[in-house]
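Participant: Dumping the structure here so I can ask a few things about it.
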Amino acid sequence: MSPRTASPAPLEVGDLAGDFAQALAALSGTSPLSCYQCTKCSSGCPVAGRSDLRPHELVRLVHLGEREEVLRSRFIWECTSCHTCITRCPQKVDICSMNDTLRELSLREGLVTRHTAAPVFNKAFLDSVRKRGRVHELGLMAVFKLRTRRFLEDMDKAPMMLAKGKLPLFGERMRGRHGRESLFRRAAQAGRAAQADVAAQADAAAQADAAAQERKP
């Protein structure tokens with residue numbers, strides 16, 4: 001009788017994933033390592049058919065440590081945060097929260113894809129709220145068009161919107177500008193502090209995991 005051959009140890013997702021997955025789990029509050037690629041998220045995602053990645057593919061790239069490909073993807077910006085994915089997911093992987101974190105990392109590291117204008121629109125929107133206390137639609141669109149140079153895109157809708165009063169020329173200004181400025185500053189400071197703290201925790205966890213792997217026989 002031939003000697004019994006030892007079966008190989010099963011490959012765990014935690015063994016496959018590296019620092020990127022661990023850090024993303026710590027920063028977003030949801031673990032991509034819980035995903036077992038059932039694809040239920042992608043089958044219900046309203047933007048999966050038009051984007052460069054589908055939700056389950058994004059999570060798989062995170063598993064594989066493909067940091068730059070993930071941060072350069074269009075999908076993290078085209079996600080509408082409708083929460084269909086987490087509603088359908090048997091593991092409750094919150095891809096919307098993951099995408100919020102990935103957008104921040106993409107901006108911070110200068111890896112935003114040139115194929116999306118979402119970051120430009122987001123900044124123009126928040127600047128309008130910060131200055132006026134509410135959105136001035138005409139000013140918002142003017143800033144967006146100037147920054148993206150998409151001057152003729154959607155221009156056919158402008159006459160109808162002007163006629164219906166949807167694009168007021170001047171718009172309202174709410175009182176409390178100094179209070180809003182203070183609120184935005186505090187939010188930015190709190191966000192930076194929280195990110196630094198969680199990132200430090202993620203680095204410590206990754207180092208501890210690496211040390212444990214080295215001690216294995």
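Numbering starts fresh at 1 for the residues of each chain in the structure tokens, the chains themselves are lettered A, B, ... in the order given, and ligands are numbered from 1 as they appear.
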Contacts of A:Arg134 at 12 Å or less, counting only C-alpha atoms, minus same-chain residues fewer than 5 places along, as a PyMOL selection string?

Facilitator: chain A and resi 124-129+139-140+171-177+180

Participant: Those same residues, written as a compact mmCIF listing (two decimals), in the first residue's frame with C-alpha atoms?

Facilitator:
# COMPACT_ATOMS: atom_id res chain seq x y z
CA ALA A 124 -18.34 72.19 -6.85
CA PHE A 125 -21.48 71.04 -5.01
CA LEU A 126 -19.87 71.27 -1.57
CA ASP A 127 -18.25 74.64 -2.37
CA SER A 128 -21.69 76.00 -3.28
CA VAL A 129 -23.19 74.76 -0.01
CA GLY A 139 -23.49 78.57 -10.60
CA LEU A 140 -22.84 74.89 -9.91
CA GLY A 171 -30.13 82.17 -6.25
CA GLU A 172 -30.52 82.51 -2.50
CA ARG A 173 -27.82 83.05 0.09
CA MET A 174 -28.45 81.73 3.57
CA ARG A 175 -27.11 83.42 6.68
CA GLY A 176 -24.51 81.79 8.88
CA ARG A 177 -21.47 81.73 6.54
CA ARG A 180 -20.68 76.82 7.96

Participant: Would you list the contacts of A:Cys41 as an NGL selection string, taking every protein, DNA or RNA residue within 8 Å and counting only C-alpha atoms, but skipping same-chain residues closer than 4 positions in sequence?

Facilitator: :A and (45 or 55-56 or 84-86 or 88-89)

Participant: Keeping N, CA and C atoms for every residue in the selection just given, could you write it to a file as a PDB file, in the first residue's frame?

Facilitator:
ATOM      1  N   CYS A  45     -26.876  45.319  -9.112  1.00  0.00           N
ATOM      2  CA  CYS A  45     -26.285  46.660  -9.153  1.00  0.00           C
ATOM      3  C   CYS A  45     -26.783  47.437 -10.371  1.00  0.00           C
ATOM      4  N   PRO A  55     -19.411  45.008  -8.925  1.00  0.00           N
ATOM      5  CA  PRO A  55     -19.077  45.018  -7.498  1.00  0.00           C
ATOM      6  C   PRO A  55     -18.241  43.830  -7.033  1.00  0.00           C
ATOM      7  N   HIS A  56     -18.614  42.612  -7.444  1.00  0.00           N
ATOM      8  CA  HIS A  56     -17.857  41.454  -6.965  1.00  0.00           C
ATOM      9  C   HIS A  56     -16.442  41.434  -7.543  1.00  0.00           C
ATOM     10  N   THR A  84     -28.187  48.417  -2.746  1.00  0.00           N
ATOM     11  CA  THR A  84     -28.726  47.153  -3.260  1.00  0.00           C
ATOM     12  C   THR A  84     -27.762  46.010  -2.961  1.00  0.00           C
ATOM     13  N   CYS A  85     -26.470  46.283  -3.060  1.00  0.00           N
ATOM     14  CA  CYS A  85     -25.458  45.233  -2.871  1.00  0.00           C
ATOM     15  C   CYS A  85     -25.524  44.641  -1.458  1.00  0.00           C
ATOM     16  N   ILE A  86     -25.532  45.496  -0.451  1.00  0.00           N
ATOM     17  CA  ILE A  86     -25.535  44.980   0.928  1.00  0.00           C
ATOM     18  C   ILE A  86     -26.886  44.340   1.261  1.00  0.00           C
ATOM     19  N   ARG A  88     -28.623  42.520  -0.821  1.00  0.00           N
ATOM     20  CA  ARG A  88     -28.617  41.197  -1.438  1.00  0.00           C
ATOM     21  C   ARG A  88     -27.508  40.301  -0.897  1.00  0.00           C
ATOM     22  N   CYS A  89     -26.478  40.889  -0.305  1.00  0.00           N
ATOM     23  CA  CYS A  89     -25.297  40.122   0.091  1.00  0.00           C
ATOM     24  C   CYS A  89     -25.566  39.227   1.303  1.00  0.00           C
TER      25      CYS A  89
END

Participant: Within 12 Å of A:Lys166, counting only C-alpha atoms, which residues qualify if same-chain residues fewer than 5 places away don't, as a list in words?

Facilitator: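 Counting only the stated atoms, we get Val135, His136, Glu137, Leu138, Met141, Lys157, Ala158, Pro159, Met160, Met161 and Gly171 of chain A.
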
Participant: I need the chosen residues saved as a short mmCIF file (atom, residue, chain, number, x, y, z; two decimals), in the first residue's frame, with C-alpha atoms.

Facilitator:
data_model
loop_
_atom_site.label_atom_id
_atom_site.label_comp_id
_atom_site.auth_asym_id
_atom_site.auth_seq_id
_atom_site.Cartn_x
_atom_site.Cartn_y
_atom_site.Cartn_z
CA VAL A 135 -26.91 74.84 -3.89
CA HIS A 136 -27.08 77.48 -6.62
CA GLU A 137 -27.81 75.28 -9.62
CA LEU A 138 -26.75 77.71 -12.36
CA MET A 141 -23.25 73.94 -13.56
CA LYS A 157 -31.90 70.84 -21.63
CA ALA A 158 -30.94 74.37 -20.54
CA PRO A 159 -33.80 76.31 -22.27
CA MET A 160 -36.47 74.11 -20.72
CA MET A 161 -34.91 74.33 -17.24
CA GLY A 171 -30.13 82.17 -6.25
#

Participant: Report the distance between atom CA of A:Gly65 and atom CA of A:Phe20 in Å, rounded to one decimal place.

Facilitator: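 Between atom CA of A:Gly65 and atom CA of A:Phe20 the gap is 5.8 Å.
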
Participant: Near A:Val62, within 8 Å and counting only C-alpha atoms, which residues show up once chain neighbours fewer than 4 positions away are dropped, as a VMD selection string?

Facilitator: chain A and resid 17 20 to 21 32 58 66 to 67 70

Participant: Can you measure atom CA of A:Leu107 to atom CA of A:Arg74 for me? One decimal in Å is fine.

Facilitator: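 These two atoms are separated by 12.8 Å.
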